[in-house]
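Novice: Structure incoming, see below.
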Amino acid sequence: ISNSYSTGAVTGTTTVGGLVGRNYGSSDSINSSFSTGAVTGTTNVGGLVGFNDGNFGNSIRNSYYDIGSVSINGTNGLITLGGISDNQYQTWVAGKYASLNPASYFTQNSSGFYQLRTAQDLLNLLPFTEENFYATQFQLTANIDLTNQPGWFIPYFGAQQFDGNGFTISNLSVNQPYNDNIGFIGILGGGGSITNLGLRGGSVSGSSHVGGLVGDNYGSISNSYSTGAVTGTTDIGGLVGQNYGGSISNSYSTGAVTGTTDIGGLAGFNNGVI
């Protein structure tokens with residue numbers, strides 16, 4: 001699917017999306033496309049795609065919906081795969097759907113890291129997490145409080161590195177009990193890493209593969225922690241819901257964990273290295 005769009009309302013039960021319900025693609029299967037209609041469903045519901053079976057960064061590129069105007073289950077402002085802020089969406093449309101440039105939103109230091117210091121910076125980060133930006137690195141330069149930005153998280157991180165730089169993000173609050181892969185980062189791609197990051201307080205709630213830091217980990221996590229509560233059904237962990245081929249080192253979690261199957265204080269399910 002390329003250079004395409006949908007504006008109608010979509011209603012269903014499982015895997016319901018504004019443009020595509022379930023995407024099985026691998027390489028550029030959805031490219032430069034968008035959706036604007038309201039979406040309603042019960043399980044795996046998204047403004048652009050309900051559920052993506054491929055690697056998000058490889059199979060969905062430069063395709064978005066406006067989180068401010070698209071309603072998901074009757075609520076505006078919800079972030080799922082492809083969701084970006086209203087300002088960035090309007091800039092993307094005005095630019096005739098050309099890829100956005102991170103240099104327009106962040107300062108880059110001498111080491112090549114784009115610097116993040118506010119909650120607005122985290123919101124602006126969303127278009128730059130697909131694997132088009134696989135060599136891109138981001139770094140916190142201050143503590144960030146998300147109290148006034150409930151619902152924010154990164155559905156997929158396919159960039160190279162998120163370096164907390166010893167700073168913390170507090171009061172992360174994500175409540176999507178109908179969706180899988182929920183955390184500070186929903187899915188951490190195989191080439192990505194999280195280092196030196198602390199998540200303080202807050203809570204994360206989803207269905208399967210839910211973690212305080214990462215829902216589904218294929219990458220590398222080091223020197224990081226989470227203290228918030230985590231709730232879900234299957235593969236639920238205080239730090240990572242499912243560690244599938246990924247690695248976790250020198251990290252911890254202290255928050256309460258609630259689920260039904262494969263639950264852990266650190267990781268709910270592990271098929272990687274800890």
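Every chain in the structure tokens takes a letter, A first, then B, and so on in the order presented; its residues are numbered from 1, and the ligands are numbered from 1 following the presented order.
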Compile the contact shell of Gly41 in chain A as a count of residues only: residues with an atom at most 7 Å away, counting only C-alpha atoms, same-chain residues fewer than 4 positions apart removed.
Specialist: 7
Novice: So that I can see what lies close to Phe128 in chain A, please list as a list of chain:residue names the residues with an atom at most 9 Å from it, counting only C-alpha atoms and leaving out residues fewer than 4 positions away in the same chain.
Specialist: A:Leu100, A:Asn101, A:Pro102, A:Asn124, A:Asn132, A:Phe133, A:Thr136, A:Phe157, A:Gly158, A:Ala159
Novice: Hey, which of A:Ser99, A:Asn179, A:Gln88, A:Thr141 ends up closest to Ile72 in chain A? Count only C-alpha atoms.
Specialist: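 Closest to Ile72 in chain A, using only C-alpha atoms: A:Asn179.
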Novice: Give me the residues of range 170-209 of chain A that have any atom at most 9 Å from an atom of range 244-257 of chain A; for each, the nearest atom pair and the distance in Å, rounded to one decimal. Use only C-alpha atoms, sort by chain and number, and format it as JSON lines.
Specialist:
{"residue": "A:Leu188", "atom": "CA", "partner": "A:Gly246", "partner_atom": "CA", "distance": 8.8}
{"residue": "A:Gly189", "atom": "CA", "partner": "A:Gly246", "partner_atom": "CA", "distance": 9.0}
{"residue": "A:Gly190", "atom": "CA", "partner": "A:Gly246", "partner_atom": "CA", "distance": 7.2}
{"residue": "A:Gly201", "atom": "CA", "partner": "A:Gly255", "partner_atom": "CA", "distance": 8.0}
{"residue": "A:Ser203", "atom": "CA", "partner": "A:Gly255", "partner_atom": "CA", "distance": 8.7}
Novice: Name all residues at most 10 Å from Leu172 in chain A (count only C-alpha atoms; drop same-chain ones fewer than 4 positions away) and give them as an MDAnalysis selection string.
Specialist: chainID A and resid 144:153 183:184 199:204 212:213 228
Novice: Could you write out the selected residues, including all heavy atoms, as a compact mmCIF listing (two decimals), in the first residue's frame?
Specialist:
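After the write, result.txt holds the following:
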# COMPACT_ATOMS: atom_id res chain seq x y z
N ILE A 144 12.17 14.59 32.99
CA ILE A 144 10.91 14.96 32.34
C ILE A 144 9.75 14.36 33.12
O ILE A 144 9.75 13.17 33.44
CB ILE A 144 10.87 14.48 30.88
CG1 ILE A 144 11.99 15.15 30.06
CG2 ILE A 144 9.51 14.78 30.26
CD1 ILE A 144 12.07 14.67 28.62
N ASP A 145 8.75 15.19 33.43
CA ASP A 145 7.55 14.76 34.14
C ASP A 145 6.39 14.70 33.13
O ASP A 145 6.08 15.70 32.47
CB ASP A 145 7.23 15.75 35.25
CG ASP A 145 6.10 15.28 36.16
OD1 ASP A 145 5.34 14.38 35.76
OD2 ASP A 145 5.99 15.83 37.27
N LEU A 146 5.76 13.52 33.02
CA LEU A 146 4.68 13.33 32.05
C LEU A 146 3.29 13.45 32.68
O LEU A 146 2.31 13.03 32.08
CB LEU A 146 4.82 11.95 31.39
CG LEU A 146 6.03 11.79 30.45
CD1 LEU A 146 6.11 10.36 29.94
CD2 LEU A 146 5.94 12.77 29.29
N THR A 147 3.21 14.05 33.86
CA THR A 147 1.91 14.20 34.53
C THR A 147 0.88 14.85 33.62
O THR A 147 -0.28 14.45 33.59
CB THR A 147 2.06 15.02 35.82
OG1 THR A 147 2.93 14.33 36.73
CG2 THR A 147 0.71 15.24 36.48
N ASN A 148 1.30 15.86 32.86
CA ASN A 148 0.37 16.59 32.00
C ASN A 148 0.30 16.04 30.58
O ASN A 148 -0.28 16.68 29.70
CB ASN A 148 0.77 18.07 31.96
CG ASN A 148 0.62 18.74 33.31
OD1 ASN A 148 -0.32 18.46 34.05
ND2 ASN A 148 1.55 19.62 33.64
N GLN A 149 0.86 14.87 30.37
CA GLN A 149 0.81 14.24 29.05
C GLN A 149 0.44 12.76 29.19
O GLN A 149 1.18 11.88 28.76
CB GLN A 149 2.16 14.40 28.33
CG GLN A 149 2.07 14.21 26.82
CD GLN A 149 3.23 14.88 26.11
OE1 GLN A 149 3.27 16.10 25.96
NE2 GLN A 149 4.18 14.09 25.69
N PRO A 150 -0.72 12.48 29.79
CA PRO A 150 -1.13 11.08 29.97
C PRO A 150 -1.35 10.40 28.63
O PRO A 150 -1.80 11.02 27.66
CB PRO A 150 -2.44 11.20 30.76
CG PRO A 150 -2.97 12.55 30.41
CD PRO A 150 -1.76 13.43 30.25
N GLY A 151 -1.04 9.12 28.58
CA GLY A 151 -1.26 8.35 27.37
C GLY A 151 -0.09 8.30 26.43
O GLY A 151 -0.05 7.50 25.49
N TRP A 152 0.94 9.16 26.67
CA TRP A 152 2.09 9.16 25.77
C TRP A 152 2.93 7.90 25.95
O TRP A 152 3.21 7.48 27.07
CB TRP A 152 2.98 10.38 26.03
CG TRP A 152 4.20 10.37 25.15
CD1 TRP A 152 4.32 10.93 23.91
CD2 TRP A 152 5.45 9.71 25.41
NE1 TRP A 152 5.57 10.65 23.40
CE2 TRP A 152 6.27 9.90 24.29
CE3 TRP A 152 5.93 8.96 26.48
CZ2 TRP A 152 7.56 9.39 24.21
CZ3 TRP A 152 7.21 8.43 26.42
CH2 TRP A 152 8.02 8.67 25.29
N PHE A 153 3.33 7.30 24.85
CA PHE A 153 4.36 6.26 24.84
C PHE A 153 4.86 6.11 23.42
O PHE A 153 4.32 6.72 22.48
CB PHE A 153 3.84 4.93 25.42
CG PHE A 153 3.03 4.08 24.47
CD1 PHE A 153 3.53 2.87 24.02
CD2 PHE A 153 1.76 4.47 24.04
CE1 PHE A 153 2.79 2.06 23.16
CE2 PHE A 153 1.01 3.67 23.19
CZ PHE A 153 1.53 2.46 22.74
N GLY A 183 4.22 -0.14 26.89
CA GLY A 183 5.27 0.20 27.85
C GLY A 183 5.74 1.60 27.56
O GLY A 183 5.12 2.31 26.74
N PHE A 184 6.81 2.04 28.20
CA PHE A 184 7.43 3.30 27.77
C PHE A 184 7.72 3.19 26.28
O PHE A 184 7.46 4.11 25.50
CB PHE A 184 8.72 3.52 28.56
CG PHE A 184 9.60 4.61 28.02
CD1 PHE A 184 9.25 5.93 28.17
CD2 PHE A 184 10.77 4.30 27.34
CE1 PHE A 184 10.06 6.96 27.66
CE2 PHE A 184 11.59 5.31 26.83
CZ PHE A 184 11.22 6.63 26.99
N LEU A 199 12.67 5.21 34.94
CA LEU A 199 11.25 5.56 34.89
C LEU A 199 10.71 5.52 36.31
O LEU A 199 10.75 4.47 36.96
CB LEU A 199 10.49 4.57 34.02
CG LEU A 199 10.84 4.53 32.53
CD1 LEU A 199 9.96 3.50 31.83
CD2 LEU A 199 10.66 5.89 31.89
N ARG A 200 10.20 6.64 36.79
CA ARG A 200 9.75 6.74 38.17
C ARG A 200 8.25 6.91 38.25
O ARG A 200 7.67 7.81 37.64
CB ARG A 200 10.44 7.90 38.86
CG ARG A 200 11.93 7.70 39.03
CD ARG A 200 12.53 8.71 39.97
NE ARG A 200 13.92 8.41 40.28
CZ ARG A 200 14.65 9.08 41.15
NH1 ARG A 200 14.12 10.10 41.82
NH2 ARG A 200 15.91 8.74 41.36
N GLY A 201 7.62 6.01 39.05
CA GLY A 201 6.19 6.13 39.29
C GLY A 201 5.37 5.83 38.05
O GLY A 201 5.84 5.25 37.08
N GLY A 202 4.11 6.24 38.10
CA GLY A 202 3.23 6.04 36.97
C GLY A 202 2.70 4.62 36.90
O GLY A 202 2.88 3.81 37.81
N SER A 203 2.05 4.31 35.78
CA SER A 203 1.48 2.98 35.59
C SER A 203 1.30 2.70 34.11
O SER A 203 1.13 3.62 33.30
CB SER A 203 0.13 2.86 36.31
OG SER A 203 -0.81 3.76 35.75
N VAL A 204 1.35 1.42 33.78
CA VAL A 204 1.18 0.96 32.40
C VAL A 204 0.18 -0.18 32.40
O VAL A 204 0.29 -1.12 33.19
CB VAL A 204 2.52 0.48 31.81
CG1 VAL A 204 2.31 -0.12 30.44
CG2 VAL A 204 3.52 1.63 31.74
N GLY A 212 6.93 -2.16 32.22
CA GLY A 212 7.10 -0.78 32.65
C GLY A 212 8.00 0.00 31.72
O GLY A 212 7.77 1.18 31.45
N LEU A 213 9.06 -0.64 31.22
CA LEU A 213 9.98 0.02 30.29
C LEU A 213 9.70 -0.37 28.85
O LEU A 213 9.57 0.50 27.98
CB LEU A 213 11.43 -0.34 30.66
CG LEU A 213 12.53 0.33 29.83
CD1 LEU A 213 12.53 1.84 30.05
CD2 LEU A 213 13.89 -0.26 30.19
N GLY A 228 7.16 1.89 38.25
CA GLY A 228 5.71 2.00 38.13
C GLY A 228 5.00 0.66 38.12
O GLY A 228 5.59 -0.40 37.87
Novice: I need the residue nearest Ser71 in chain A from this list: A:Thr118, A:Pro127, A:Ala9, A:Ser104. Use only C-alpha atoms for the distance.
Specialist: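 Checking each candidate against Ser71 in chain A, we get A:Ala9 as the closest.
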Novice: Could you name the residues that touch Ala267 in chain A at 8 Å or less, counting only C-alpha atoms, but leaving out those on the same chain fewer than 5 positions away, as a PyMOL selection string?
Specialist: chain A and resi 211+235-243
Novice: Write the residues of the selection above to a file with N, CA and C atoms, as a compact mmCIF listing (two decimals), in the first residue's frame.
Specialist:
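Written output follows (selection.txt):
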# COMPACT_ATOMS: atom_id res chain seq x y z
N GLY A 211 5.16 -4.09 29.72
CA GLY A 211 6.23 -3.89 30.67
C GLY A 211 6.37 -2.44 31.05
N ASP A 235 2.29 -12.36 29.46
CA ASP A 235 3.64 -11.80 29.30
C ASP A 235 3.71 -10.39 29.88
N ILE A 236 3.62 -10.33 31.19
CA ILE A 236 3.57 -9.06 31.91
C ILE A 236 4.76 -8.98 32.86
N GLY A 237 5.59 -7.95 32.72
CA GLY A 237 6.76 -7.83 33.57
C GLY A 237 6.97 -6.42 34.08
N GLY A 238 7.62 -6.31 35.24
CA GLY A 238 7.87 -5.00 35.83
C GLY A 238 8.73 -4.12 34.94
N LEU A 239 9.70 -4.71 34.27
CA LEU A 239 10.58 -3.96 33.37
C LEU A 239 10.23 -4.25 31.92
N VAL A 240 10.12 -5.56 31.58
CA VAL A 240 9.88 -5.99 30.20
C VAL A 240 8.80 -7.06 30.20
N GLY A 241 7.82 -6.93 29.31
CA GLY A 241 6.79 -7.95 29.21
C GLY A 241 7.33 -9.23 28.61
N GLN A 242 7.85 -9.14 27.39
CA GLN A 242 8.47 -10.28 26.71
C GLN A 242 9.86 -9.89 26.23
N ASN A 243 10.86 -10.64 26.67
CA ASN A 243 12.23 -10.44 26.20
C ASN A 243 12.51 -11.53 25.18
Novice: Can you list, as a PyMOL selection string, every protein, DNA or RNA residue that comes within 12 Å of Glu130 in chain A when you count only C-alpha atoms, leaving out same-chain residues fewer than 6 positions away?
Specialist: chain A and resi 28+31+55-64+81-83+99-100+136+154-160+187-189+191-192
Novice: As a list in words, please: every residue in range 11-252 of chain A that a backbone DSSP assignment puts in helix (DSSP H, G or I).
Specialist: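 Taking range 11-252 of chain A and keeping helix (DSSP H, G or I) only, one gets Phe56, Gly57, Asn58, Ser59, Asp86, Asn87, Gln88, Tyr89, Gln90, Thr91, Trp92, Val93, Ala94, Pro102, Ala103, Ser104, Ala119, Gln120, Asp121, Leu122, Leu123, Asn124, Leu126, Pro127, Phe128, Glu131, Asn132 and Phe133 of chain A.
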Novice: Deliver the residues from the most recent selection as a file, using N, CA and C atoms, as a short mmCIF file (atom, residue, chain, number, x, y, z; two decimals), in the first residue's frame.
Specialist:
data_model
loop_
_atom_site.label_atom_id
_atom_site.label_comp_id
_atom_site.auth_asym_id
_atom_site.auth_seq_id
_atom_site.Cartn_x
_atom_site.Cartn_y
_atom_site.Cartn_z
N PHE A 56 7.66 -3.27 12.52
CA PHE A 56 7.01 -1.99 12.18
C PHE A 56 7.90 -1.09 11.34
N GLY A 57 9.15 -0.99 11.71
CA GLY A 57 10.03 -0.08 10.99
C GLY A 57 10.25 -0.47 9.55
N ASN A 58 10.20 -1.77 9.25
CA ASN A 58 10.39 -2.22 7.88
C ASN A 58 9.11 -2.25 7.07
N SER A 59 7.97 -2.41 7.72
CA SER A 59 6.74 -2.61 6.97
C SER A 59 5.80 -1.42 6.97
N ASP A 86 -0.67 16.76 16.17
CA ASP A 86 -1.39 17.54 15.17
C ASP A 86 -0.45 18.46 14.40
N ASN A 87 0.45 19.16 15.10
CA ASN A 87 1.35 20.08 14.42
C ASN A 87 2.25 19.37 13.41
N GLN A 88 2.80 18.23 13.82
CA GLN A 88 3.67 17.49 12.91
C GLN A 88 2.88 16.89 11.74
N TYR A 89 1.68 16.44 12.02
CA TYR A 89 0.85 15.88 10.96
C TYR A 89 0.54 16.96 9.91
N GLN A 90 0.16 18.15 10.37
CA GLN A 90 -0.15 19.23 9.43
C GLN A 90 1.09 19.65 8.63
N THR A 91 2.25 19.64 9.27
CA THR A 91 3.50 19.94 8.56
C THR A 91 3.78 18.89 7.49
N TRP A 92 3.55 17.62 7.84
CA TRP A 92 3.76 16.51 6.90
C TRP A 92 2.82 16.64 5.70
N VAL A 93 1.56 16.96 5.93
CA VAL A 93 0.59 17.12 4.84
C VAL A 93 0.98 18.31 3.97
N ALA A 94 1.33 19.43 4.61
CA ALA A 94 1.72 20.62 3.84
C ALA A 94 2.96 20.38 3.00
N PRO A 102 14.26 15.23 11.77
CA PRO A 102 14.44 15.46 13.21
C PRO A 102 15.18 16.75 13.53
N ALA A 103 16.02 17.22 12.61
CA ALA A 103 16.78 18.45 12.84
C ALA A 103 15.85 19.67 12.93
N SER A 104 14.62 19.53 12.47
CA SER A 104 13.65 20.63 12.57
C SER A 104 13.05 20.73 13.96
N ALA A 119 8.56 17.40 27.85
CA ALA A 119 7.51 16.47 27.44
C ALA A 119 7.13 16.70 25.98
N GLN A 120 7.20 17.94 25.53
CA GLN A 120 6.91 18.24 24.13
C GLN A 120 7.94 17.57 23.21
N ASP A 121 9.19 17.53 23.65
CA ASP A 121 10.21 16.84 22.86
C ASP A 121 9.87 15.37 22.69
N LEU A 122 9.37 14.74 23.76
CA LEU A 122 9.00 13.33 23.66
C LEU A 122 7.85 13.14 22.69
N LEU A 123 6.89 14.06 22.69
CA LEU A 123 5.79 13.98 21.74
C LEU A 123 6.32 14.14 20.31
N ASN A 124 7.25 15.07 20.13
CA ASN A 124 7.81 15.30 18.79
C ASN A 124 8.69 14.15 18.31
N LEU A 126 7.88 11.02 18.10
CA LEU A 126 7.13 9.90 17.53
C LEU A 126 7.38 9.61 16.05
N PRO A 127 7.50 10.62 15.17
CA PRO A 127 7.71 10.26 13.75
C PRO A 127 9.10 9.70 13.45
N PHE A 128 10.01 9.80 14.41
CA PHE A 128 11.42 9.47 14.14
C PHE A 128 11.87 8.16 14.78
N GLU A 131 12.34 2.62 11.37
CA GLU A 131 13.71 2.26 11.00
C GLU A 131 14.26 3.03 9.82
N ASN A 132 13.46 3.96 9.25
CA ASN A 132 14.06 4.95 8.36
C ASN A 132 15.16 5.71 9.09
N PHE A 133 15.03 5.78 10.42
CA PHE A 133 15.95 6.53 11.27
C PHE A 133 16.80 5.58 12.11
#
Novice: Check the smallest atom-to-atom distance from each of A:Lys96, A:Gly264, A:Asp53, A:Thr75 to Phe34 in chain A using only C-alpha atoms, then report the winner.
Specialist: A:Lys96
